[in-house]
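This is entry.txt (compact mmCIF, C-alpha atoms).
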```txt
# COMPACT_ATOMS: atom_id res chain seq x y z
CA PRO A 1 0.00 0.00 0.00
CA ASP A 2 1.03 3.59 -0.57
CA PRO A 3 2.96 5.23 2.29
CA GLY A 4 1.06 7.84 4.22
CA LEU A 5 -2.29 6.09 3.97
CA THR A 6 -3.73 4.88 7.24
CA PRO A 7 -6.46 2.32 7.88
CA THR A 8 -9.97 3.72 7.89
CA ALA A 9 -10.27 5.44 11.24
CA ALA A 10 -13.99 4.82 11.59
CA ILE A 11 -13.64 1.04 11.79
CA THR A 12 -14.85 -0.32 15.12
CA GLU A 13 -14.20 -3.98 15.83
CA ILE A 14 -17.09 -5.87 17.40
CA PRO A 15 -17.12 -9.48 18.67
CA PHE A 16 -18.06 -12.54 16.64
CA LEU A 17 -21.75 -11.94 16.20
CA SER A 18 -22.02 -14.77 13.70
CA PRO A 19 -22.61 -18.22 15.20
CA LYS A 20 -20.31 -21.11 14.37
CA LYS A 21 -23.29 -23.39 13.75
CA ILE A 22 -26.04 -23.15 11.15
CA THR A 23 -29.06 -21.60 12.85
CA GLU A 24 -31.69 -22.22 10.18
CA THR A 25 -32.03 -24.74 7.35
CA VAL A 26 -34.32 -23.96 4.42
CA ASP A 27 -35.55 -26.31 1.72
CA LEU A 28 -35.32 -24.28 -1.47
CA LYS A 29 -37.81 -26.35 -3.44
CA VAL A 30 -40.72 -25.03 -1.40
CA LEU A 31 -39.90 -21.53 -2.62
CA LEU A 32 -40.23 -22.26 -6.30
CA ASP A 33 -42.87 -22.56 -8.97
CA LYS A 34 -42.00 -25.68 -10.98
CA ASP A 35 -43.43 -24.10 -14.14
CA LYS A 36 -40.71 -21.43 -14.09
CA SER A 37 -37.71 -23.69 -14.70
CA ILE A 38 -35.66 -23.31 -17.90
CA VAL A 39 -33.83 -26.37 -19.19
CA GLN A 40 -30.44 -25.66 -20.77
CA HIS A 41 -27.73 -27.89 -22.23
CA PRO A 42 -24.84 -27.50 -21.68
CA LEU A 43 -24.71 -25.08 -18.76
CA MET A 44 -21.02 -24.47 -18.13
CA GLY A 45 -20.08 -20.84 -17.48
CA ILE A 46 -23.58 -19.36 -17.25
CA ASP A 47 -24.44 -16.68 -14.68
CA VAL A 48 -27.95 -15.78 -13.54
CA VAL A 49 -28.74 -12.12 -12.90
CA LEU A 50 -31.96 -10.64 -11.50
CA ASP A 51 -33.67 -7.27 -11.53
CA ASP A 52 -37.19 -6.15 -10.57
CA SER A 53 -38.89 -7.73 -13.57
CA TYR A 54 -36.53 -10.12 -15.36
CA LEU A 55 -34.08 -12.99 -15.02
CA TYR A 56 -31.03 -12.72 -17.30
CA TRP A 57 -28.48 -15.36 -18.27
CA GLU A 58 -25.68 -15.69 -20.81
CA ALA A 59 -24.99 -18.62 -23.08
CA GLY A 60 -22.05 -18.34 -25.48
CA PRO A 61 -22.60 -15.48 -27.95
CA ALA A 62 -25.89 -14.22 -26.48
CA ILE A 63 -27.58 -12.89 -23.35
CA TYR A 64 -31.20 -13.87 -22.74
CA ARG A 65 -33.92 -12.83 -20.36
CA THR A 66 -37.37 -13.93 -19.27
CA PRO A 67 -40.05 -12.08 -17.30
CA LEU A 68 -40.21 -13.29 -13.73
CA GLU A 69 -43.96 -13.80 -13.86
CA LYS A 70 -44.04 -16.13 -16.85
CA PHE A 71 -41.31 -17.79 -18.86
CA SER A 72 -40.84 -16.22 -22.30
CA LYS A 73 -37.24 -16.25 -23.53
CA GLU A 74 -35.92 -13.32 -25.56
CA VAL A 75 -32.47 -12.27 -26.75
CA VAL A 76 -31.17 -9.08 -25.12
CA ALA A 77 -27.70 -8.91 -26.68
CA THR A 78 -25.54 -10.79 -29.18
CA SER A 79 -21.80 -10.67 -29.71
CA ILE A 80 -20.41 -8.08 -32.12
CA TYR A 81 -17.69 -10.54 -33.13
CA PRO A 82 -18.79 -12.65 -36.12
CA SER A 83 -16.41 -15.49 -35.26
CA LEU A 84 -16.36 -17.17 -31.82
CA GLY A 85 -17.91 -14.27 -29.92
CA ASP A 86 -18.50 -15.01 -26.25
CA LEU A 87 -20.59 -13.07 -23.71
CA SER A 88 -20.24 -15.58 -20.87
CA ARG A 89 -16.74 -14.89 -19.51
CA MET A 90 -17.66 -12.13 -17.07
CA ARG A 91 -20.87 -11.73 -15.11
CA PRO A 92 -23.31 -9.17 -16.61
CA ILE A 93 -24.50 -6.46 -14.21
CA ARG A 94 -27.88 -4.70 -14.06
CA SER A 95 -28.17 -1.19 -12.62
CA GLY A 96 -30.66 1.59 -13.32
CA ASP A 97 -31.58 1.45 -17.02
CA TRP A 98 -28.37 -0.35 -17.98
CA LEU A 99 -27.09 -3.85 -18.61
CA ILE A 100 -23.29 -3.94 -18.80
CA PHE A 101 -21.33 -6.96 -20.01
CA LEU A 102 -18.05 -8.09 -21.56
CA ASP A 103 -18.02 -9.21 -25.20
CA THR A 104 -14.92 -11.24 -26.11
CA GLN A 105 -13.61 -12.88 -29.26
CA ASP A 106 -12.44 -16.48 -28.79
CA PRO A 107 -11.08 -15.86 -25.25
CA ASP A 108 -9.64 -19.38 -24.97
CA GLN A 109 -7.41 -18.84 -27.99
CA ASN A 110 -6.83 -15.08 -27.74
CA ASN A 111 -6.38 -14.96 -23.95
CA PHE A 112 -8.66 -11.92 -23.56
CA SER A 113 -6.58 -9.87 -26.01
CA THR A 114 -9.70 -8.80 -27.98
CA TRP A 115 -12.78 -7.55 -26.16
CA THR A 116 -15.36 -4.78 -25.90
CA LEU A 117 -17.01 -3.66 -22.66
CA ARG A 118 -20.57 -2.84 -23.71
CA ALA A 119 -23.55 -1.23 -21.98
CA ILE A 120 -27.11 -1.43 -23.31
CA ASN A 121 -29.83 0.91 -22.12
CA LEU A 122 -32.85 -1.37 -21.68
CA LYS A 123 -35.24 1.58 -21.67
CA ASP A 124 -34.34 3.40 -24.90
CA HIS A 125 -32.25 0.57 -26.48
CA SER A 126 -29.19 2.76 -26.97
CA GLU A 127 -25.73 1.23 -26.59
CA VAL A 128 -22.40 2.57 -25.36
CA ASP A 129 -18.98 0.98 -25.73
CA VAL A 130 -17.11 1.77 -22.52
CA ASP A 131 -13.74 0.47 -23.71
CA ALA A 132 -12.21 -2.07 -26.10
CA ARG A 133 -9.01 -3.91 -26.96
CA LEU A 134 -7.85 -5.47 -30.23
CA ASN A 135 -5.11 -8.11 -30.14
CA GLN A 136 -3.41 -6.58 -27.10
CA GLN A 137 -1.69 -9.38 -25.20
CA SER A 138 -1.09 -7.26 -22.09
CA SER A 139 -4.84 -7.23 -21.45
CA PHE A 140 -4.79 -10.94 -20.64
CA THR A 141 -6.84 -10.44 -17.47
CA GLY A 142 -9.62 -8.64 -19.31
CA PRO A 143 -11.36 -5.72 -17.61
CA TRP A 144 -13.09 -5.85 -14.23
CA TYR A 145 -16.08 -3.53 -13.97
CA SER A 146 -18.88 -2.27 -11.76
CA ILE A 147 -21.84 0.04 -12.36
CA ASP A 148 -24.15 2.17 -10.25
CA ASN A 149 -26.89 3.82 -12.32
CA ASN A 150 -25.06 5.83 -15.04
CA LEU A 151 -21.53 5.57 -13.61
CA VAL A 152 -19.17 2.74 -14.53
CA VAL A 153 -15.78 2.02 -12.94
CA VAL A 154 -13.24 -0.19 -14.66
CA THR A 155 -9.86 -1.72 -13.86
CA GLU A 156 -7.78 -2.98 -16.76
CA VAL A 157 -4.24 -3.57 -17.94
CA ASN A 158 -2.91 -1.72 -20.97
CA HIS A 159 0.54 -1.56 -22.52
CA SER A 160 1.90 1.99 -22.25
CA ALA A 161 4.32 2.94 -25.03
CA THR A 162 5.17 6.13 -23.14
CA LEU A 163 6.13 4.34 -19.92
CA ASN A 164 7.30 1.17 -21.74
CA CYS A 165 5.42 -1.07 -19.34
CA ASP A 166 2.15 -2.84 -18.75
CA GLU A 167 0.05 -0.33 -16.85
CA SER A 168 -2.76 -0.95 -14.36
CA ILE A 169 -5.53 1.59 -14.87
CA LEU A 170 -8.57 2.50 -12.79
CA PHE A 171 -11.08 4.85 -14.41
CA GLU A 172 -14.68 5.97 -14.15
CA PHE A 173 -16.96 6.49 -17.15
CA ASP A 174 -20.30 8.30 -17.29
CA LEU A 175 -22.67 6.49 -19.66
CA LYS A 176 -24.76 9.63 -20.24
CA THR A 177 -22.01 12.19 -20.87
CA LYS A 178 -19.41 9.70 -22.23
CA VAL A 179 -16.81 11.44 -20.05
CA LYS A 180 -13.91 9.27 -18.84
CA HIS A 181 -11.81 10.14 -15.79
CA THR A 182 -8.71 8.23 -14.68
CA LEU A 183 -8.58 7.66 -10.92
CA ASP A 184 -5.27 5.76 -10.69
CA HIS A 185 -2.65 4.25 -12.97
CA GLY A 186 0.89 2.93 -12.82
CA CYS A 187 3.27 0.27 -14.10
CA ILE A 188 2.54 -3.16 -12.68
CA GLU A 189 6.16 -4.30 -12.43
CA ASN A 190 7.57 -3.57 -8.97
CA ASN A 191 4.30 -1.84 -8.11
CA TYR A 192 0.70 -3.04 -7.91
CA MET A 193 -2.29 -4.04 -10.00
CA LEU A 194 -5.84 -2.83 -9.31
CA VAL A 195 -8.70 -5.28 -9.81
CA LEU A 196 -12.30 -6.04 -8.86
CA PRO A 197 -13.79 -2.54 -8.43
CA GLN A 198 -17.09 -2.34 -6.55
CA LEU A 199 -19.16 0.85 -6.86
CA SER A 200 -22.14 1.89 -4.74
CA ASN A 201 -23.59 5.27 -3.74
CA ASN A 202 -20.53 7.14 -5.06
CA TYR A 203 -18.14 5.07 -2.95
CA LEU A 204 -15.69 2.68 -4.55
CA VAL A 205 -13.87 -0.37 -3.18
CA VAL A 206 -10.88 -1.72 -5.14
CA GLU A 207 -8.55 -4.65 -4.56
CA GLN A 208 -4.84 -3.84 -4.84
CA ASP A 209 -2.54 -6.78 -5.59
CA VAL A 210 1.13 -6.27 -4.71
CA SER A 211 3.83 -8.70 -5.84
CA ASN A 212 6.59 -9.66 -3.40
CA ILE A 213 9.05 -12.49 -2.81
CA LYS A 214 6.33 -14.54 -1.10
CA GLY A 215 3.82 -14.18 -3.93
CA VAL A 216 1.04 -11.59 -4.08
CA ASP A 217 -0.42 -9.60 -1.19
CA SER A 218 -4.00 -8.39 -1.58
CA ASN A 219 -5.29 -5.24 0.12
CA LEU A 220 -8.52 -3.25 -0.19
CA PHE A 221 -8.93 0.50 -0.69
CA LEU A 222 -12.01 2.64 -0.16
CA TYR A 223 -12.54 5.73 -2.35
CA ASP A 224 -15.02 8.50 -1.68
CA LEU A 225 -15.76 9.75 -5.20
CA ASN A 226 -17.52 12.83 -3.80
CA THR A 227 -14.38 14.12 -2.06
CA GLY A 228 -11.56 12.21 -3.77
CA GLU A 229 -10.48 10.78 -0.41
CA ARG A 230 -8.84 7.35 -0.42
CA LYS A 231 -8.32 5.10 2.62
CA ILE A 232 -7.06 1.62 3.30
CA LEU A 233 -10.02 -0.57 4.13
CA SER A 234 -7.88 -3.64 4.82
CA GLY A 235 -4.08 -3.66 4.57
CA ASP A 236 -3.27 -7.10 6.01
CA GLY A 237 -2.11 -8.55 2.68
CA HIS A 238 -4.77 -11.25 2.55
CA SER A 239 -8.05 -9.47 1.76
CA SER A 240 -9.58 -10.12 -1.66
CA MET A 241 -12.74 -10.51 -3.77
CA PRO A 242 -14.71 -7.55 -2.35
CA GLN A 243 -18.45 -7.08 -2.76
CA PHE A 244 -20.20 -3.79 -2.03
CA LYS A 245 -23.83 -2.71 -1.70
CA TYR A 246 -23.99 0.48 0.35
CA PRO A 247 -23.57 0.53 3.31
CA TRP A 248 -22.25 -3.05 3.41
CA ILE A 249 -18.81 -4.18 2.21
CA ILE A 250 -17.76 -7.81 2.46
CA TRP A 251 -14.62 -9.61 1.32
CA LYS A 252 -12.78 -12.91 1.51
CA GLU A 253 -10.27 -12.84 4.38
CA SER A 254 -7.63 -14.70 2.37
CA LYS A 255 -5.76 -14.21 -0.86
CA ARG A 256 -7.63 -14.62 -4.11
CA TYR A 257 -6.63 -18.19 -4.94
CA VAL A 258 -6.75 -19.48 -1.37
CA PHE A 259 -9.85 -21.04 0.18
CA MET A 260 -11.45 -18.68 2.66
CA SER A 261 -11.89 -19.41 6.35
CA SER A 262 -13.75 -16.18 7.12
CA ILE A 263 -15.51 -13.23 5.48
CA GLY A 264 -14.72 -9.65 6.45
CA VAL A 265 -17.59 -7.20 6.98
CA TYR A 266 -17.57 -3.41 7.16
CA ASN A 267 -20.49 -0.99 7.44
CA ILE A 268 -19.70 2.44 6.00
CA GLU A 269 -22.48 4.22 7.88
CA ASN A 270 -21.66 3.15 11.44
CA GLY A 271 -18.06 1.93 11.09
CA GLN A 272 -18.71 -1.51 12.55
CA SER A 273 -16.48 -4.33 11.35
CA TRP A 274 -16.39 -8.06 12.11
CA SER A 275 -15.66 -11.47 10.61
CA ILE A 276 -18.04 -14.22 9.59
CA PRO A 277 -16.33 -17.57 10.30
CA VAL A 278 -16.79 -20.34 7.76
CA ASP A 279 -15.55 -23.70 9.02
CA GLY A 280 -13.86 -26.26 6.80
CA GLY A 281 -14.89 -27.50 3.40
CA TYR A 282 -14.65 -25.76 0.06
CA TRP A 283 -16.14 -22.28 -0.23
CA THR A 284 -16.74 -20.06 -3.23
CA ASP A 285 -16.11 -16.32 -3.10
CA PRO A 286 -18.87 -14.48 -1.24
CA GLN A 287 -21.60 -12.48 -2.99
CA LEU A 288 -23.74 -9.69 -1.59
CA SER A 289 -27.34 -8.60 -2.10
CA GLY A 290 -28.54 -5.81 0.16
CA HIS A 291 -27.90 -7.06 3.71
CA LEU A 292 -27.51 -10.71 2.66
CA ALA A 293 -24.08 -12.27 2.10
CA PHE A 294 -24.17 -15.64 0.36
CA TRP A 295 -21.81 -18.30 -0.94
CA LYS A 296 -21.79 -22.02 -1.71
CA GLY A 297 -19.79 -24.87 -0.25
CA THR A 298 -19.92 -28.08 1.72
CA ARG A 299 -21.44 -28.55 5.16
CA THR A 300 -19.27 -29.86 7.97
CA ASP A 301 -22.10 -30.24 10.49
CA ILE A 302 -23.75 -33.21 8.75
CA THR A 303 -22.46 -36.66 7.76
CA PRO A 304 -21.77 -37.50 5.07
CA SER A 305 -21.15 -34.01 3.73
CA PRO A 306 -22.80 -33.74 0.29
CA HIS A 307 -20.89 -32.59 -2.75
CA PHE A 308 -21.61 -28.89 -3.33
CA THR A 309 -25.31 -29.23 -2.59
CA THR A 310 -25.58 -26.36 -0.14
CA PHE A 311 -25.26 -22.65 -0.30
CA PHE A 312 -25.22 -20.39 2.69
CA ILE A 313 -26.80 -17.06 3.51
CA TYR A 314 -25.68 -14.76 6.30
CA ASP A 315 -28.00 -11.92 7.33
CA LEU A 316 -25.82 -8.91 8.17
CA ASP A 317 -28.67 -7.28 10.08
CA SER A 318 -29.62 -10.22 12.31
CA TYR A 319 -26.23 -12.05 12.37
CA LYS A 320 -27.96 -15.33 11.43
CA PHE A 321 -26.66 -18.16 9.23
CA TYR A 322 -28.99 -20.04 6.89
CA ALA A 323 -28.08 -23.25 5.07
CA MET A 324 -29.97 -23.52 1.79
CA ASN A 325 -30.22 -27.14 0.67
CA ALA A 326 -30.18 -28.09 -2.97
CA PRO A 327 -32.99 -30.48 -3.88
CA GLY A 328 -32.03 -33.91 -5.06
CA GLU A 329 -28.95 -36.02 -5.48
CA GLU A 330 -25.46 -35.87 -4.05
CA ASN A 331 -23.77 -34.74 -7.27
CA GLN A 332 -26.02 -31.76 -7.88
CA ASP A 333 -24.25 -28.43 -7.71
CA PHE A 334 -25.21 -24.77 -7.65
CA VAL A 335 -23.27 -23.21 -10.55
CA SER A 336 -24.60 -19.66 -10.14
CA ILE A 337 -26.85 -17.95 -7.59
CA ASP A 338 -28.41 -14.50 -7.42
CA ILE A 339 -30.69 -12.79 -4.92
CA TYR A 340 -32.53 -9.55 -5.62
CA LYS A 341 -35.01 -8.16 -3.11
CA SER A 342 -37.62 -10.92 -2.66
CA THR A 343 -36.52 -13.08 -5.59
CA ILE A 344 -33.93 -15.86 -5.64
CA ALA A 345 -32.58 -17.63 -8.73
CA TRP A 346 -29.97 -20.26 -9.37
CA LEU A 347 -28.47 -22.45 -12.02
CA LEU A 348 -28.47 -26.05 -10.80
CA ASP A 349 -26.15 -28.59 -12.40
CA LEU A 350 -28.08 -31.86 -12.18
CA ASP A 351 -24.93 -34.02 -12.30
CA SER A 352 -21.60 -32.31 -11.62
CA THR A 353 -19.64 -35.47 -12.47
CA LEU A 354 -20.36 -35.05 -16.19
CA GLY A 355 -18.05 -33.03 -18.41
CA LYS A 356 -20.92 -31.17 -20.10
CA PRO A 357 -23.78 -31.25 -17.62
CA ASP A 358 -27.47 -30.83 -18.03
CA GLY A 359 -29.12 -28.43 -15.66
CA VAL A 360 -31.93 -26.05 -14.91
CA ILE A 361 -32.29 -22.37 -14.14
CA GLU A 362 -34.94 -21.89 -11.44
CA TRP A 363 -36.31 -18.90 -9.59
CA GLY A 364 -39.06 -17.92 -7.21
CA ASN A 365 -40.18 -15.75 -4.30
CA PHE A 366 -37.79 -15.68 -1.39
CA GLN A 367 -38.27 -15.07 2.30
CA LEU A 368 -36.01 -16.18 5.13
CA PRO A 369 -37.65 -17.78 8.17
CA GLY A 370 -38.70 -15.17 10.72
CA SER A 371 -38.14 -12.21 8.39
```
Rendering of file as structure tokens:
Amino acid sequence: PDPGLTPTAAITEIPFLSPKKITETVDLKVLLDKDKSIVQHPLMGIDVVLDDSYLYWEAGPAIYRTPLEKFSKEVVATSIYPSLGDLSRMRPIRSGDWLIFLDTQDPDQNNFSTWTLRAINLKDHSEVDVDARLNQQSSFTGPWYSIDNNLVVVTEVNHSATLNCDESILFEFDLKTKVKHTLDHGCIENNYMLVLPQLSNNYLVVEQDVSNIKGVDSNLFLYDLNTGERKILSGDGHSSMPQFKYPWIIWKESKRYVFMSSIGVYNIENGQSWSIPVDGGYWTDPQLSGHLAFWKGTRTDITPSPHFTTFFIYDLDSYKFYAMNAPGEENQDFVSIDIYKSTIAWLLDLDSTLGKPDGVIEWGNFQLPGS
């Protein structure tokens, strides 16, 4: 981290409010209308994304949606690349009138060297290209992006002829005015790379990865875009994969490619901070919807522990854990999950032992016990 920056002064540590044991178990099947399931084949690499009225998902060169009330599939976007276009490599994001997504050309072969970050206005059907690359090998990571209404923030790597280096860039882009403003940039070598921006209510959280002799340290920074102030949110070297929905910030309390044992929590409004312990097993990176943190993994409190048939919800307001059981057989697996207000959706792989699995996308009304 940069010298002179101090950890966020407002952080107040509070005790473990999250229990070690699962406090509630919910059978997901009772939440769903069987008539609303979509059968897809194959289902590898598909994300599900919700808004007030629709469920979105990507499949290869297209993004689809269906109204939540009744299944009726329609195409929302198709790749601009005539050969091997792919819209499924980064999760689309819905915010305000916009759907933002990454369009890549043959990412397996080109290693993310050719891509366009696109935003479609679902109200007036206009489209804006936020940024693009053509055969630039230094952009192997592709862009990371976040959106809040009309404002987009992006981290990317670009080769700088002026500096003669691969440069990490953080910028904001207004979809209405088309104005771009660089917030940070610098050569990656012997410095740092910025990734995984998370934007909400004009605050921005960014992961900063710093190379050293022991590998890569990961820290989190908090930007106030109203004042330009920047603070260290977590500078311990093992904080990664942030998620942010104002006022809640969560992150994995381990480096990016290390299984997590706990999830960090910070509330911007009151400064409270604590950890959610997750015991044993394999855990995916946490997601956040409002005051609900959620992730999938294996349960250690039952025997035998099923293979990826559970995902977990932690209520940041009530400090309660919920274990959400997948319906069916041992080898079923949640591939993608999303929660939006009172709706929950997931992509369920019906047999995770197959190379190209069959599966279903399902959704329905959602209410935690006692809420």
* **Distance of atom CA of Gly60 of chain A from atom CA of Asp86 of chain A, expressed in Å to one decimal place** => 4.9 Å
* Asked: Neighbours of segment 122-136 of chain A within 6 Å (all atoms listed in the file; same-chain residues fewer than 5 positions away dropped), as a PyMOL selection string?
  -> chain A and resi 97-98+113-117
* Atomic distance atom CA of Asn121 of chain A - atom CA of Leu99 of chain A, expressed in Å with one decimal -> 6.5 Å
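Proximity to Ile361 of chain A was assessed for A:Phe171, A:Lys180, A:Phe71, A:His159 counting all atoms listed in the file; the smallest distance is recorded for A:Phe71.
You can rank A:Leu288, A:Ile337, A:Val153, A:Ile344 by their closest distance to Trp363 of chain A using all atoms listed in the file, and at the top of that list sits A:Ile344.
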* Two-atom distance - atom CA of Arg65 of chain A, atom CA of Pro143 of chain A (Å) ->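 Those two atoms sit 23.8 Å apart.
Shortest atom-to-atom contact with Asp47 of chain A among A:Arg89, A:Gly235, A:Ser336, A:Thr343: A:Ser336, counting all atoms listed in the file.
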I need every residue sitting at most 8 Å from the point (-14.5, -16.8, -28.5) (coordinates as in the file, all atoms listed in the file considered), written as a tab-separated table (two decimals) with C-alpha atoms, in the frame of the given file.
```tsv
chain	number	residue	atom	x	y	z
A	83	SER	CA	-16.41	-15.49	-35.26
A	84	LEU	CA	-16.36	-17.17	-31.82
A	85	GLY	CA	-17.91	-14.27	-29.92
A	86	ASP	CA	-18.50	-15.01	-26.25
A	104	THR	CA	-14.92	-11.24	-26.11
A	105	GLN	CA	-13.61	-12.88	-29.26
A	106	ASP	CA	-12.44	-16.48	-28.79
A	107	PRO	CA	-11.08	-15.86	-25.25
A	108	ASP	CA	-9.64	-19.38	-24.97
A	109	GLN	CA	-7.41	-18.84	-27.99
A	110	ASN	CA	-6.83	-15.08	-27.74
```
Hey, could you make a per-residue contact list for segment 123-206 of chain A against segment 267-275 of chain A with 12 Å as the cut-off, showing the nearest pair of atoms and its distance in Å to one decimal, counting only C-alpha atoms, sorted by chain and number, as CSV?
```
residue,atom,partner,partner_atom,distance
A:Ser200,CA,A:Ile268,CA,11.0
A:Asn201,CA,A:Ile268,CA,10.9
A:Tyr203,CA,A:Ile268,CA,9.5
A:Leu204,CA,A:Ile268,CA,11.3
A:Val205,CA,A:Ile268,CA,11.2
```
